[in-house]
Amino acid sequence: MPSTTLTATAVARLRTASVHPDGHLPKVGPRMLRLFVTEKYAYRNDTDGFVLDGQAALEDLNRADDSRPFIITAAGRRAALNRGQIKALTEEIGPDGRLARGVPWPTQQTLARLLLVEFRDEQGNPAPGDGTPFRTGLGTLVAEAAHHTIHPDDVA
């Protein structure tokens, strides 16, 4: 049963973090940040580099320390996807990780921008923007992540 309905703004912030090379969450308001930490869509390391979770993570939200960014999790990346994108990553995938031929081009392109799919040439080498779409290792992690949100596109 979904526990959270994400706003379009929340989804946009998660997508921004998804395309960041290190998964850093952009600046968001305190309510949204609390939601992301509570739902385990983002985390922050403590000053020693260990992941803060539970109450410690929530208490850390009150610290004004911009030197330690919040980082998106696989669950956060999945929460940023709509139903069609999740279906492409989880159901329309071959045993070798190749996306099914029926996955629409815009879905393939979005998943590639979010680093969940990569295009490969006939020899299996990366071919950005052209070639056969394959799920990446990150795409596999996202496909297997728990999903407990309602995406705005899914609300009738």
# chains A, B, ... in the order shown; residues from 1 in each chain; ligands from 1
$ residues_around --residues "Thr140 (chain A)" --least-positions-apart "6" --cutoff "10 Å" --atoms "only C-alpha atoms" --output "mmCIF file with N, CA and C atoms, in the first residue's frame"
data_model
loop_
_atom_site.group_PDB
_atom_site.id
_atom_site.type_symbol
_atom_site.label_atom_id
_atom_site.label_comp_id
_atom_site.auth_asym_id
_atom_site.auth_seq_id
_atom_site.Cartn_x
_atom_site.Cartn_y
_atom_site.Cartn_z
ATOM 1 N N ALA A 74 18.429 4.374 -3.913
ATOM 2 C CA ALA A 74 17.762 3.640 -4.995
ATOM 3 C C ALA A 74 16.243 3.800 -4.876
ATOM 4 N N LEU A 89 11.664 -1.004 -16.536
ATOM 5 C CA LEU A 89 12.832 -1.484 -15.781
ATOM 6 C C LEU A 89 12.614 -2.833 -15.116
ATOM 7 N N THR A 90 11.352 -3.153 -14.793
ATOM 8 C CA THR A 90 11.099 -4.356 -14.001
ATOM 9 C C THR A 90 10.456 -5.501 -14.776
ATOM 10 N N GLY A 97 19.325 -8.168 -19.638
ATOM 11 C CA GLY A 97 19.216 -6.759 -19.277
ATOM 12 C C GLY A 97 18.752 -5.855 -20.393
ATOM 13 N N LEU A 116 19.758 4.901 -15.674
ATOM 14 C CA LEU A 116 19.208 3.586 -15.379
ATOM 15 C C LEU A 116 19.275 2.654 -16.580
ATOM 16 N N VAL A 117 19.511 3.225 -17.740
ATOM 17 C CA VAL A 117 19.629 2.487 -18.999
ATOM 18 C C VAL A 117 20.806 3.083 -19.759
#
$ residues_around --residues "Arg68 (chain A)" --least-positions-apart "4" --cutoff "10 Å" --atoms "only C-alpha atoms" --output "list in words"
His24, Arg44, Asn45, Asp46, Thr47, Gly49 and Ala64 of chain A
$ write_last_selection --atoms "all heavy atoms" --output "compact mmCIF listing (two decimals), in the first residue's frame"
# COMPACT_ATOMS: atom_id res chain seq x y z
N HIS A 24 23.69 13.95 -5.53
CA HIS A 24 23.38 14.97 -4.54
C HIS A 24 22.00 15.56 -4.76
O HIS A 24 21.63 15.93 -5.87
CB HIS A 24 24.41 16.11 -4.59
CG HIS A 24 25.77 15.67 -4.16
ND1 HIS A 24 26.82 16.55 -4.09
CD2 HIS A 24 26.27 14.47 -3.77
CE1 HIS A 24 27.91 15.91 -3.69
NE2 HIS A 24 27.59 14.64 -3.50
N ARG A 44 22.14 11.18 4.48
CA ARG A 44 23.29 12.06 4.66
C ARG A 44 24.29 11.31 5.52
O ARG A 44 23.92 10.59 6.44
CB ARG A 44 22.84 13.33 5.38
CG ARG A 44 23.88 14.41 5.47
CD ARG A 44 23.30 15.58 6.23
NE ARG A 44 23.90 16.83 5.83
CZ ARG A 44 23.60 17.99 6.39
NH1 ARG A 44 22.69 18.06 7.34
NH2 ARG A 44 24.19 19.08 5.98
N ASN A 45 25.55 11.48 5.22
CA ASN A 45 26.60 10.89 6.05
C ASN A 45 26.90 11.82 7.22
O ASN A 45 26.77 13.04 7.11
CB ASN A 45 27.87 10.67 5.24
CG ASN A 45 27.71 9.59 4.21
OD1 ASN A 45 26.97 8.63 4.40
ND2 ASN A 45 28.39 9.74 3.08
N ASP A 46 27.35 11.22 8.34
CA ASP A 46 27.79 12.05 9.46
C ASP A 46 29.19 12.57 9.15
O ASP A 46 29.74 12.32 8.08
CB ASP A 46 27.71 11.28 10.78
CG ASP A 46 28.71 10.14 10.89
OD1 ASP A 46 29.61 10.02 10.03
OD2 ASP A 46 28.59 9.36 11.84
N THR A 47 29.77 13.28 10.09
CA THR A 47 31.08 13.89 9.84
C THR A 47 32.19 12.87 9.67
O THR A 47 33.25 13.18 9.13
CB THR A 47 31.45 14.86 10.99
OG1 THR A 47 31.37 14.16 12.23
CG2 THR A 47 30.51 16.05 11.00
N GLY A 49 31.65 10.07 7.89
CA GLY A 49 31.39 9.37 6.65
C GLY A 49 30.43 8.19 6.76
O GLY A 49 30.25 7.46 5.80
N ALA A 64 22.77 23.19 10.21
CA ALA A 64 23.02 23.96 8.98
C ALA A 64 24.45 23.66 8.52
O ALA A 64 25.36 24.44 8.75
CB ALA A 64 22.82 25.44 9.24
$ select_by_dssp --residues "region 9-98 of chain A" --states "helix (DSSP H, G or I)" --output "PDB file with C-alpha atoms, in the first residue's frame"
ATOM      1  CA  THR A   9       8.003  19.345  -7.367  1.00  0.00           C
ATOM      2  CA  ALA A  10       9.224  16.486  -5.158  1.00  0.00           C
ATOM      3  CA  VAL A  11       9.529  14.214  -8.183  1.00  0.00           C
ATOM      4  CA  ALA A  12      11.461  16.936 -10.035  1.00  0.00           C
ATOM      5  CA  ARG A  13      13.919  17.285  -7.128  1.00  0.00           C
ATOM      6  CA  LEU A  14      14.456  13.521  -7.020  1.00  0.00           C
ATOM      7  CA  ARG A  15      15.085  13.501 -10.772  1.00  0.00           C
ATOM      8  CA  THR A  16      17.599  16.315 -10.392  1.00  0.00           C
ATOM      9  CA  ALA A  17      19.453  14.238  -7.802  1.00  0.00           C
ATOM     10  CA  SER A  18      19.235  11.194 -10.101  1.00  0.00           C
ATOM     11  CA  VAL A  19      21.208  12.904 -12.848  1.00  0.00           C
ATOM     12  CA  PRO A  30      12.655  21.457   5.350  1.00  0.00           C
ATOM     13  CA  ARG A  31       9.312  19.634   4.915  1.00  0.00           C
ATOM     14  CA  MET A  32      10.387  18.012   1.676  1.00  0.00           C
ATOM     15  CA  LEU A  33      13.779  17.112   3.096  1.00  0.00           C
ATOM     16  CA  ARG A  34      12.120  15.539   6.150  1.00  0.00           C
ATOM     17  CA  LEU A  35       9.859  13.532   3.804  1.00  0.00           C
ATOM     18  CA  PHE A  36      12.834  12.339   1.736  1.00  0.00           C
ATOM     19  CA  VAL A  37      14.787  11.259   4.826  1.00  0.00           C
ATOM     20  CA  THR A  38      11.764   9.645   6.533  1.00  0.00           C
ATOM     21  CA  GLY A  54      16.397   6.833  11.748  1.00  0.00           C
ATOM     22  CA  GLN A  55      16.249   9.457  14.479  1.00  0.00           C
ATOM     23  CA  ALA A  56      19.886  10.477  13.967  1.00  0.00           C
ATOM     24  CA  ALA A  57      19.128  11.455  10.370  1.00  0.00           C
ATOM     25  CA  LEU A  58      16.098  13.486  11.416  1.00  0.00           C
ATOM     26  CA  GLU A  59      18.083  15.275  14.135  1.00  0.00           C
ATOM     27  CA  ASP A  60      20.815  16.055  11.607  1.00  0.00           C
ATOM     28  CA  ALA A  74      17.762   3.640  -4.995  1.00  0.00           C
ATOM     29  CA  ALA A  75      14.276   3.980  -3.453  1.00  0.00           C
ATOM     30  CA  GLY A  76      14.420   7.729  -4.115  1.00  0.00           C
ATOM     31  CA  ARG A  77      15.402   7.136  -7.724  1.00  0.00           C
ATOM     32  CA  ARG A  78      12.516   4.705  -8.108  1.00  0.00           C
ATOM     33  CA  ALA A  79      10.084   7.175  -6.541  1.00  0.00           C
ATOM     34  CA  ARG A  83       4.442   3.666 -13.840  1.00  0.00           C
ATOM     35  CA  GLY A  84       5.618   3.140 -17.446  1.00  0.00           C
ATOM     36  CA  GLN A  85       9.246   3.720 -16.559  1.00  0.00           C
ATOM     37  CA  ILE A  86       9.057   1.300 -13.628  1.00  0.00           C
ATOM     38  CA  LYS A  87       7.376  -1.279 -15.840  1.00  0.00           C
ATOM     39  CA  ALA A  88      10.141  -0.924 -18.442  1.00  0.00           C
ATOM     40  CA  LEU A  89      12.832  -1.484 -15.781  1.00  0.00           C
ATOM     41  CA  THR A  90      11.099  -4.356 -14.001  1.00  0.00           C
TER      42      THR A  90
END
$ atom_distance --atom1 "CA of Arg135 (chain A)" --atom2 "CA of Arg98 (chain A)"
6.3 Å
$ atom_distance --atom1 "CA of Leu138 (chain A)" --atom2 "CA of Leu114 (chain A)"
9.6 Å
$ select_by_dssp --residues "region 64-133 of chain A" --states "strand (DSSP E or B)" --output "count of residues only"
13
$ atom_distance --atom1 "CA of Ala80 (chain A)" --atom2 "CA of Asp48 (chain A)"
29.2 Å
